[in-house]
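A short worksheet on the structure shown next.
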Amino acid sequence: MIILRLIGESFRFALDALRQNKTRTMLSLLGITIGIFTIIFVFSAVDTLRGKLQASIDKLGSSTVFVQKWPWGGFGDYPWWKYVNRPEPSLRDYEGLKDRLEYVEGVSYEISANGRTIKYRSNSVEGGAIRAASQDFNKTWNLDFQEGRYFTESEGKSGSPVVIIGADIAEGLFNGEPAIGKSISVMGRRLTVVGVFKKEGEDMMGMSQDKNILMPLNFAKGIMDVESDRYDPTITVRGKDYVALEEVESEIRGALRGIRRTKPGAEDDFALNKSTIASNQLDQMFGVVDIAGWVIGGFSILVGGFGIANIMFVSVKERTNIIGIQKSLGAKNYFILLQFLFEAVALCLLGGAFGLLLVYLFTLALTAGGFEMTLFMKNIVLGFTISVVIGVISGFWPAYSASRLDPVEAIRS
């Protein structure tokens with residue numbers, strides 16, 4: 001009960017200080033407000049961006065490995081000269097992996113070509129992304145359809161002129177009409193639409209099926225060089241759910257080194273990329289941004305802490321005679337110390353609340369402007385926690401000095 005009464009009195013003293021010295025108090029709280037605003041705004045923006053980018057990365061699949069020429073991670077000192085002479089993944093590599101791997105759900109060979117024009121009668125869509133893949137593409141990627149189906153086994157093997165198109169392509173070509181069974185023109189060839197991908201919307205990394213068209217790899221062999229580096233050939237391997245990704249990766253590495261007859265001890269001439277690589281890069285990148293937020297906001301909080309300490313010293317000076325009366329009536333030193341300490345914490349919480357309010361208003365403004373941003377609960381808790389810590393640090397010495405005052409001397413003052 002004493003602690004609760006102390007907290008209540010301390011908040012009342014803090015509000016009285018704010019009411020009686022509005023300008024002085026608000027200027028002192030400004031540093032705390034700006035500091036909390038800077039730190040929490042940076043963290044909220046980073047967490048929002050990280051969440052959206054992580055959602056994009058999650059589409060790659062946690063049990064999926066991409067066999068490519070170039071390893072992911074082109075930041076900093078990227079040793080491109082080590083990889084430039086590596087061979088691209090080939091159909092021979094794909095066939096060998098498909099025959100040798102056991103811990104996998106599927107293995108697919110994929111290529112892509114961007115910036116193509118797709119036509120249907122007088123309608124056309126610019127900037128379509130052509131993708132060609134082997135039959136197991138539906139096993140290595142999660143595919144959702146709003147119309148139609150995936151390729152049949154016979155269509156994939158025979159290289160039938162069939163195609164699956166994205167929702168934006170379907171809308172641009174057919175204006176809402178059913179797309180299944182219609183013939184479209186791609187790279188001068190006629191293909192029959194057998195499926196339409198479900199509309200996804202473009203994410204932060206631009207990964208979406210909405211503007212893609214997918215054709216069987218065996219059909220694509222007749223219109224393009226599917227092993228050319230222009231089309232970024234990739235072998236995608238999805239491991240079984242009950243098998244650890246490290247085991248799948250180890251099996252792929254051993255099999256591919258055998259297929260390419262790599263000598264023992266020689267370095268791999270291929271890259272095994274996975275979603276955790278991209279996640280780690282995100283953590284490193286946003287870790288630097290977090291540090292910058294702490295540094296920038298920390299200076300404001302430091303200035304605000306000195307301001308709070310100044311207010312508390314003034315408050316102690318103004319209430320010296322009251323402190324003397326309290327001590328003469330039996331108030332213990334810890335009671336006086338806690339009273340002023342809680343008052344400092346109350347002032348910092350007030351400044352922190354203003355800072356969080358500013359962050360919330362900014363998130364509303366940005367969301368209304370088209371960039372969705374979220375003020376997460378963990379950041380709200382962090383803001384109040386920082387405020388409490390700064391209040392304790394900046395208010396301790398003034399509170400301690402008040403608690404050590406001699407009651408007789410205090411009353412005389």
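Just so we're on the same page: first chain in the structure tokens is A, next is B, and so on; residues restart at 1 for each chain, and ligands are numbered from 1 in the order they show up.
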Give me, as a PyMOL selection string, all polymer residues having an atom no more than 8 Å from stretch 222-229 of chain A, counting only C-alpha atoms and skipping those fewer than 5 positions away in the same chain. chain A and resi 88-91+111+187+217
Just the selected residues (N, CA, C and O atoms), exported as a PDB file, in the first residue's frame, please.
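Output contents, as saved in selection21.pdb:
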```pdb
ATOM      1  N   GLU A  88      26.891 -23.329 -65.946  1.00  0.00           N
ATOM      2  CA  GLU A  88      25.496 -23.227 -65.535  1.00  0.00           C
ATOM      3  C   GLU A  88      24.935 -24.631 -65.276  1.00  0.00           C
ATOM      4  O   GLU A  88      25.410 -25.613 -65.849  1.00  0.00           O
ATOM      5  N   PRO A  89      23.931 -24.759 -64.408  1.00  0.00           N
ATOM      6  CA  PRO A  89      23.266 -26.057 -64.252  1.00  0.00           C
ATOM      7  C   PRO A  89      22.732 -26.542 -65.605  1.00  0.00           C
ATOM      8  O   PRO A  89      22.130 -25.775 -66.363  1.00  0.00           O
ATOM      9  N   SER A  90      22.959 -27.791 -65.917  1.00  0.00           N
ATOM     10  CA  SER A  90      22.604 -28.338 -67.233  1.00  0.00           C
ATOM     11  C   SER A  90      21.518 -29.403 -67.099  1.00  0.00           C
ATOM     12  O   SER A  90      21.202 -29.871 -65.998  1.00  0.00           O
ATOM     13  N   LEU A  91      20.974 -29.770 -68.251  1.00  0.00           N
ATOM     14  CA  LEU A  91      19.984 -30.854 -68.265  1.00  0.00           C
ATOM     15  C   LEU A  91      20.614 -32.168 -67.801  1.00  0.00           C
ATOM     16  O   LEU A  91      19.942 -33.009 -67.181  1.00  0.00           O
ATOM     17  N   ILE A 111      13.842 -22.373 -66.275  1.00  0.00           N
ATOM     18  CA  ILE A 111      14.467 -21.225 -66.913  1.00  0.00           C
ATOM     19  C   ILE A 111      13.446 -20.090 -66.949  1.00  0.00           C
ATOM     20  O   ILE A 111      12.243 -20.306 -66.770  1.00  0.00           O
ATOM     21  N   MET A 187       6.170 -15.721 -78.278  1.00  0.00           N
ATOM     22  CA  MET A 187       7.390 -15.876 -79.071  1.00  0.00           C
ATOM     23  C   MET A 187       7.077 -16.501 -80.436  1.00  0.00           C
ATOM     24  O   MET A 187       7.800 -17.366 -80.927  1.00  0.00           O
ATOM     25  N   LEU A 217       8.957 -27.682 -70.186  1.00  0.00           N
ATOM     26  CA  LEU A 217      10.351 -27.526 -70.599  1.00  0.00           C
ATOM     27  C   LEU A 217      10.594 -28.157 -71.975  1.00  0.00           C
ATOM     28  O   LEU A 217      11.319 -27.595 -72.802  1.00  0.00           O
TER      29      LEU A 217
END
```
Using only C-alpha atoms, determine which residues lie at most 8 Å from A:Val392, disregarding the query and same-chain residues fewer than 3 positions distant; provide the list as an NGL selection string. :A and (341-342 or 344-345 or 388-389 or 395-396)
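In this model, the gap between atom CA of A:Glu102 and atom CA of A:Glu246 comes to 13.9 Å.
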Determine, counting only C-alpha atoms, which protein, DNA and RNA residues have an atom within 8 Å of an atom of stretch 150-166 of chain A; residues of the same chain fewer than 4 positions away are not included. Present the result as a PDB file with N, CA, C and O atoms, in the first residue's frame.
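Once written, result_37.pdb looks like this:
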```pdb
ATOM      1  N   SER A 134      10.393 -28.355 -65.915  1.00  0.00           N
ATOM      2  CA  SER A 134      10.142 -29.782 -66.061  1.00  0.00           C
ATOM      3  C   SER A 134       8.902 -30.175 -65.250  1.00  0.00           C
ATOM      4  O   SER A 134       8.318 -29.358 -64.527  1.00  0.00           O
ATOM      5  N   GLN A 135       8.516 -31.438 -65.339  1.00  0.00           N
ATOM      6  CA  GLN A 135       7.224 -31.862 -64.814  1.00  0.00           C
ATOM      7  C   GLN A 135       7.074 -31.699 -63.312  1.00  0.00           C
ATOM      8  O   GLN A 135       5.981 -31.471 -62.812  1.00  0.00           O
ATOM      9  N   ASN A 138       5.459 -28.501 -60.025  1.00  0.00           N
ATOM     10  CA  ASN A 138       4.371 -28.396 -59.046  1.00  0.00           C
ATOM     11  C   ASN A 138       4.712 -29.074 -57.725  1.00  0.00           C
ATOM     12  O   ASN A 138       4.014 -28.892 -56.729  1.00  0.00           O
ATOM     13  N   ALA A 170      -4.040 -13.050 -67.646  1.00  0.00           N
ATOM     14  CA  ALA A 170      -5.395 -13.454 -68.034  1.00  0.00           C
ATOM     15  C   ALA A 170      -6.323 -12.255 -68.110  1.00  0.00           C
ATOM     16  O   ALA A 170      -7.129 -12.134 -69.049  1.00  0.00           O
ATOM     17  N   ARG A 190       1.814 -20.681 -80.964  1.00  0.00           N
ATOM     18  CA  ARG A 190       0.467 -20.735 -80.408  1.00  0.00           C
ATOM     19  C   ARG A 190       0.430 -21.774 -79.293  1.00  0.00           C
ATOM     20  O   ARG A 190       0.872 -22.908 -79.456  1.00  0.00           O
ATOM     21  N   LEU A 191      -0.077 -21.358 -78.139  1.00  0.00           N
ATOM     22  CA  LEU A 191      -0.186 -22.262 -76.999  1.00  0.00           C
ATOM     23  C   LEU A 191      -1.600 -22.194 -76.427  1.00  0.00           C
ATOM     24  O   LEU A 191      -2.216 -21.121 -76.404  1.00  0.00           O
ATOM     25  N   THR A 192      -2.092 -23.318 -75.959  1.00  0.00           N
ATOM     26  CA  THR A 192      -3.426 -23.401 -75.388  1.00  0.00           C
ATOM     27  C   THR A 192      -3.355 -23.252 -73.874  1.00  0.00           C
ATOM     28  O   THR A 192      -2.561 -23.925 -73.209  1.00  0.00           O
ATOM     29  N   VAL A 193      -4.187 -22.372 -73.341  1.00  0.00           N
ATOM     30  CA  VAL A 193      -4.216 -22.129 -71.903  1.00  0.00           C
ATOM     31  C   VAL A 193      -4.947 -23.271 -71.202  1.00  0.00           C
ATOM     32  O   VAL A 193      -6.102 -23.572 -71.526  1.00  0.00           O
ATOM     33  N   VAL A 194      -4.257 -23.905 -70.244  1.00  0.00           N
ATOM     34  CA  VAL A 194      -4.887 -24.995 -69.477  1.00  0.00           C
ATOM     35  C   VAL A 194      -5.068 -24.619 -68.011  1.00  0.00           C
ATOM     36  O   VAL A 194      -5.745 -25.343 -67.270  1.00  0.00           O
ATOM     37  N   GLY A 195      -4.482 -23.505 -67.586  1.00  0.00           N
ATOM     38  CA  GLY A 195      -4.614 -23.105 -66.191  1.00  0.00           C
ATOM     39  C   GLY A 195      -4.297 -21.643 -65.993  1.00  0.00           C
ATOM     40  O   GLY A 195      -3.579 -21.036 -66.796  1.00  0.00           O
ATOM     41  N   VAL A 196      -4.847 -21.064 -64.928  1.00  0.00           N
ATOM     42  CA  VAL A 196      -4.571 -19.681 -64.538  1.00  0.00           C
ATOM     43  C   VAL A 196      -4.194 -19.684 -63.053  1.00  0.00           C
ATOM     44  O   VAL A 196      -4.941 -20.194 -62.212  1.00  0.00           O
ATOM     45  N   PHE A 197      -3.021 -19.126 -62.743  1.00  0.00           N
ATOM     46  CA  PHE A 197      -2.589 -19.044 -61.348  1.00  0.00           C
ATOM     47  C   PHE A 197      -3.499 -18.099 -60.562  1.00  0.00           C
ATOM     48  O   PHE A 197      -3.986 -17.100 -61.083  1.00  0.00           O
ATOM     49  N   LYS A 198      -3.681 -18.420 -59.295  1.00  0.00           N
ATOM     50  CA  LYS A 198      -4.451 -17.558 -58.410  1.00  0.00           C
ATOM     51  C   LYS A 198      -3.709 -16.237 -58.200  1.00  0.00           C
ATOM     52  O   LYS A 198      -2.498 -16.214 -58.058  1.00  0.00           O
ATOM     53  N   LYS A 199      -4.463 -15.144 -58.191  1.00  0.00           N
ATOM     54  CA  LYS A 199      -3.842 -13.822 -58.039  1.00  0.00           C
ATOM     55  C   LYS A 199      -3.181 -13.709 -56.673  1.00  0.00           C
ATOM     56  O   LYS A 199      -3.788 -14.005 -55.646  1.00  0.00           O
ATOM     57  N   GLN A 209       3.350 -14.818 -59.226  1.00  0.00           N
ATOM     58  CA  GLN A 209       3.014 -15.533 -60.457  1.00  0.00           C
ATOM     59  C   GLN A 209       2.082 -14.725 -61.359  1.00  0.00           C
ATOM     60  O   GLN A 209       1.744 -15.170 -62.453  1.00  0.00           O
ATOM     61  N   ASP A 210       1.674 -13.526 -60.917  1.00  0.00           N
ATOM     62  CA  ASP A 210       0.620 -12.791 -61.617  1.00  0.00           C
ATOM     63  C   ASP A 210       0.976 -12.433 -63.052  1.00  0.00           C
ATOM     64  O   ASP A 210       0.103 -12.359 -63.913  1.00  0.00           O
ATOM     65  N   LYS A 211       2.273 -12.177 -63.333  1.00  0.00           N
ATOM     66  CA  LYS A 211       2.679 -11.805 -64.697  1.00  0.00           C
ATOM     67  C   LYS A 211       3.528 -12.894 -65.355  1.00  0.00           C
ATOM     68  O   LYS A 211       4.216 -12.636 -66.338  1.00  0.00           O
ATOM     69  N   ASN A 212       3.468 -14.093 -64.799  1.00  0.00           N
ATOM     70  CA  ASN A 212       4.237 -15.207 -65.358  1.00  0.00           C
ATOM     71  C   ASN A 212       3.378 -16.057 -66.287  1.00  0.00           C
ATOM     72  O   ASN A 212       2.160 -16.123 -66.140  1.00  0.00           O
ATOM     73  N   ILE A 213       4.057 -16.687 -67.250  1.00  0.00           N
ATOM     74  CA  ILE A 213       3.422 -17.766 -67.996  1.00  0.00           C
ATOM     75  C   ILE A 213       4.367 -18.961 -67.917  1.00  0.00           C
ATOM     76  O   ILE A 213       5.581 -18.806 -67.978  1.00  0.00           O
ATOM     77  N   LEU A 214       3.807 -20.127 -67.712  1.00  0.00           N
ATOM     78  CA  LEU A 214       4.595 -21.335 -67.505  1.00  0.00           C
ATOM     79  C   LEU A 214       4.282 -22.348 -68.596  1.00  0.00           C
ATOM     80  O   LEU A 214       3.129 -22.690 -68.831  1.00  0.00           O
ATOM     81  N   MET A 215       5.341 -22.820 -69.269  1.00  0.00           N
ATOM     82  CA  MET A 215       5.183 -23.820 -70.324  1.00  0.00           C
ATOM     83  C   MET A 215       6.053 -25.037 -70.010  1.00  0.00           C
ATOM     84  O   MET A 215       7.019 -24.937 -69.242  1.00  0.00           O
ATOM     85  N   PRO A 216       5.734 -26.192 -70.583  1.00  0.00           N
ATOM     86  CA  PRO A 216       6.575 -27.381 -70.349  1.00  0.00           C
ATOM     87  C   PRO A 216       7.974 -27.180 -70.909  1.00  0.00           C
ATOM     88  O   PRO A 216       8.169 -26.575 -71.962  1.00  0.00           O
ATOM     89  N   LEU A 217       8.957 -27.682 -70.186  1.00  0.00           N
ATOM     90  CA  LEU A 217      10.351 -27.526 -70.599  1.00  0.00           C
ATOM     91  C   LEU A 217      10.594 -28.157 -71.975  1.00  0.00           C
ATOM     92  O   LEU A 217      11.319 -27.595 -72.802  1.00  0.00           O
ATOM     93  N   ASN A 218       9.989 -29.302 -72.226  1.00  0.00           N
ATOM     94  CA  ASN A 218      10.210 -29.981 -73.510  1.00  0.00           C
ATOM     95  C   ASN A 218       9.644 -29.199 -74.682  1.00  0.00           C
ATOM     96  O   ASN A 218      10.144 -29.314 -75.808  1.00  0.00           O
ATOM     97  N   PHE A 219       8.618 -28.393 -74.455  1.00  0.00           N
ATOM     98  CA  PHE A 219       8.141 -27.500 -75.512  1.00  0.00           C
ATOM     99  C   PHE A 219       9.117 -26.341 -75.702  1.00  0.00           C
ATOM    100  O   PHE A 219       9.413 -25.939 -76.832  1.00  0.00           O
ATOM    101  N   ALA A 220       9.621 -25.800 -74.584  1.00  0.00           N
ATOM    102  CA  ALA A 220      10.534 -24.650 -74.653  1.00  0.00           C
ATOM    103  C   ALA A 220      11.823 -24.995 -75.382  1.00  0.00           C
ATOM    104  O   ALA A 220      12.455 -24.111 -75.982  1.00  0.00           O
TER     105      ALA A 220
END
```
Write out as a count of residues only which residues come within 9 Å of A:Glu126 when counting only C-alpha atoms, dropping same-chain ones fewer than 6 positions away. 5
Quick one: everything within 8 Å of stretch 370-379 of chain A, counting only C-alpha atoms, minus sequence neighbours fewer than 3 positions away in the same chain. Send it as a ChimeraX atom specification. /A:40,43-45,48,359-360,363-364,366-367,382-383
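For the pair atom CA of A:Asp168 and atom CA of A:Leu53, the interatomic distance is 22.0 Å.
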Write out as a list in words each polymer residue whose atoms come within 7 Å of stretch 321-338 of chain A, counting only C-alpha atoms; drop sequence neighbours fewer than 2 positions from it.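 These residues fall inside the cut-off: Arg319, Phe340, Leu341, Phe342, Ala399, Tyr400, Ala402, Ser403, Arg404, Pro407, Val408, Ala410, Ile411 and Ser413 of chain A.
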Would you list, as number ranges by chain, the residues of stretch 204-336 of chain A that end up in strand (DSSP E or B) under DSSP run on this structure's backbone? A: 212-216, 234-239, 271-274
Contact residues around A:Thr64 with only C-alpha atoms at 9 Å, ignoring same-chain residues under 5 positions, as a VMD selection string: chain A and resid 140 to 141 236 to 239 245 248 273 to 275
Can I get the selected residues back with N, CA, C and O atoms, as a compact mmCIF listing (two decimals), in the first residue's frame?
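Writing done, so here's selection-v9.txt:
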```txt
# COMPACT_ATOMS: atom_id res chain seq x y z
N THR A 140 7.97 -28.78 -56.46
CA THR A 140 9.00 -27.93 -55.85
C THR A 140 8.48 -26.54 -55.48
O THR A 140 9.12 -25.81 -54.74
N TRP A 141 7.31 -26.16 -56.02
CA TRP A 141 6.69 -24.88 -55.69
C TRP A 141 5.23 -25.12 -55.29
O TRP A 141 4.60 -26.05 -55.76
N THR A 236 15.80 -26.79 -59.03
CA THR A 236 15.15 -26.61 -57.73
C THR A 236 14.85 -27.97 -57.12
O THR A 236 14.26 -28.83 -57.78
N VAL A 237 15.28 -28.14 -55.89
CA VAL A 237 15.10 -29.42 -55.19
C VAL A 237 14.35 -29.16 -53.90
O VAL A 237 14.77 -28.33 -53.09
N ARG A 238 13.24 -29.83 -53.70
CA ARG A 238 12.50 -29.73 -52.44
C ARG A 238 12.66 -31.02 -51.66
O ARG A 238 12.32 -32.10 -52.14
N GLY A 239 13.19 -30.91 -50.46
CA GLY A 239 13.40 -32.07 -49.62
C GLY A 239 12.12 -32.54 -48.95
O GLY A 239 11.14 -31.79 -48.84
N LEU A 245 17.14 -30.22 -43.64
CA LEU A 245 17.63 -29.54 -44.84
C LEU A 245 19.12 -29.78 -45.04
O LEU A 245 19.59 -29.89 -46.18
N VAL A 248 19.55 -33.02 -46.89
CA VAL A 248 19.19 -32.85 -48.30
C VAL A 248 20.32 -32.14 -49.04
O VAL A 248 20.74 -32.55 -50.13
N ASN A 273 21.87 -22.69 -52.94
CA ASN A 273 21.23 -21.56 -52.27
C ASN A 273 19.96 -22.01 -51.57
O ASN A 273 19.26 -22.91 -52.04
N LYS A 274 19.64 -21.36 -50.46
CA LYS A 274 18.43 -21.69 -49.70
C LYS A 274 17.91 -20.45 -49.01
O LYS A 274 18.61 -19.42 -48.91
N SER A 275 16.69 -20.53 -48.52
CA SER A 275 16.03 -19.35 -47.97
C SER A 275 16.74 -18.81 -46.73
O SER A 275 16.70 -17.61 -46.47
```
Can you tell me how far atom CA of A:Pro264 sits from atom CA of A:Leu97, in Å to one decimal? 19.0 Å
Considering only C-alpha atoms, can you say which of A:Phe362, A:Tyr242, A:Phe313, A:Trp294 comes closest to A:Thr38?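 Closest candidate: A:Trp294.
When DSSP is run on the backbone, the residues of stretch 183-265 of chain A that fall into alpha helix (DSSP H) are Leu217, Asn218, Phe219, Ala220, Leu245, Glu246, Glu247, Val248, Glu249, Ser250, Glu251, Ile252, Arg253, Gly254, Ala255, Leu256, Arg257, Gly258 and Ile259 of chain A.
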If you keep N, CA and C atoms, can you produce a file of those selected residues as a short mmCIF file (atom, residue, chain, number, x, y, z; two decimals), in the first residue's frame?
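The result, stored in result11.cif:
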```
data_model
loop_
_atom_site.label_atom_id
_atom_site.label_comp_id
_atom_site.auth_asym_id
_atom_site.auth_seq_id
_atom_site.Cartn_x
_atom_site.Cartn_y
_atom_site.Cartn_z
N LEU A 217 8.96 -27.68 -70.19
CA LEU A 217 10.35 -27.53 -70.60
C LEU A 217 10.59 -28.16 -71.98
N ASN A 218 9.99 -29.30 -72.23
CA ASN A 218 10.21 -29.98 -73.51
C ASN A 218 9.64 -29.20 -74.68
N PHE A 219 8.62 -28.39 -74.45
CA PHE A 219 8.14 -27.50 -75.51
C PHE A 219 9.12 -26.34 -75.70
N ALA A 220 9.62 -25.80 -74.58
CA ALA A 220 10.53 -24.65 -74.65
C ALA A 220 11.82 -25.00 -75.38
N LEU A 245 17.14 -30.22 -43.64
CA LEU A 245 17.63 -29.54 -44.84
C LEU A 245 19.12 -29.78 -45.04
N GLU A 246 19.86 -29.90 -43.96
CA GLU A 246 21.30 -30.15 -44.07
C GLU A 246 21.59 -31.50 -44.74
N GLU A 247 20.75 -32.49 -44.43
CA GLU A 247 20.92 -33.80 -45.06
C GLU A 247 20.60 -33.74 -46.55
N VAL A 248 19.55 -33.02 -46.89
CA VAL A 248 19.19 -32.85 -48.30
C VAL A 248 20.32 -32.14 -49.04
N GLU A 249 20.84 -31.09 -48.43
CA GLU A 249 21.93 -30.32 -49.04
C GLU A 249 23.17 -31.19 -49.22
N SER A 250 23.48 -32.00 -48.21
CA SER A 250 24.65 -32.88 -48.30
C SER A 250 24.47 -33.92 -49.41
N GLU A 251 23.25 -34.45 -49.54
CA GLU A 251 23.00 -35.44 -50.59
C GLU A 251 23.13 -34.82 -51.97
N ILE A 252 22.62 -33.59 -52.13
CA ILE A 252 22.73 -32.89 -53.42
C ILE A 252 24.20 -32.65 -53.76
N ARG A 253 24.95 -32.16 -52.76
CA ARG A 253 26.37 -31.85 -53.00
C ARG A 253 27.13 -33.10 -53.45
N GLY A 254 26.95 -34.21 -52.73
CA GLY A 254 27.66 -35.44 -53.09
C GLY A 254 27.27 -35.95 -54.46
N ALA A 255 25.96 -35.90 -54.77
CA ALA A 255 25.49 -36.39 -56.07
C ALA A 255 26.01 -35.52 -57.21
N LEU A 256 25.95 -34.21 -57.05
CA LEU A 256 26.36 -33.32 -58.13
C LEU A 256 27.87 -33.34 -58.35
N ARG A 257 28.64 -33.48 -57.27
CA ARG A 257 30.08 -33.62 -57.45
C ARG A 257 30.40 -34.90 -58.22
N GLY A 258 29.63 -35.96 -57.96
CA GLY A 258 29.82 -37.19 -58.72
C GLY A 258 29.43 -37.04 -60.17
N ILE A 259 28.33 -36.34 -60.43
CA ILE A 259 27.87 -36.13 -61.81
C ILE A 259 28.90 -35.33 -62.61
#
```
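Using only C-alpha atoms, the shortest contact distance between A:Lys52 and any of A:Ile393, A:Val288, A:Leu282, A:Val314 is found at A:Leu282.
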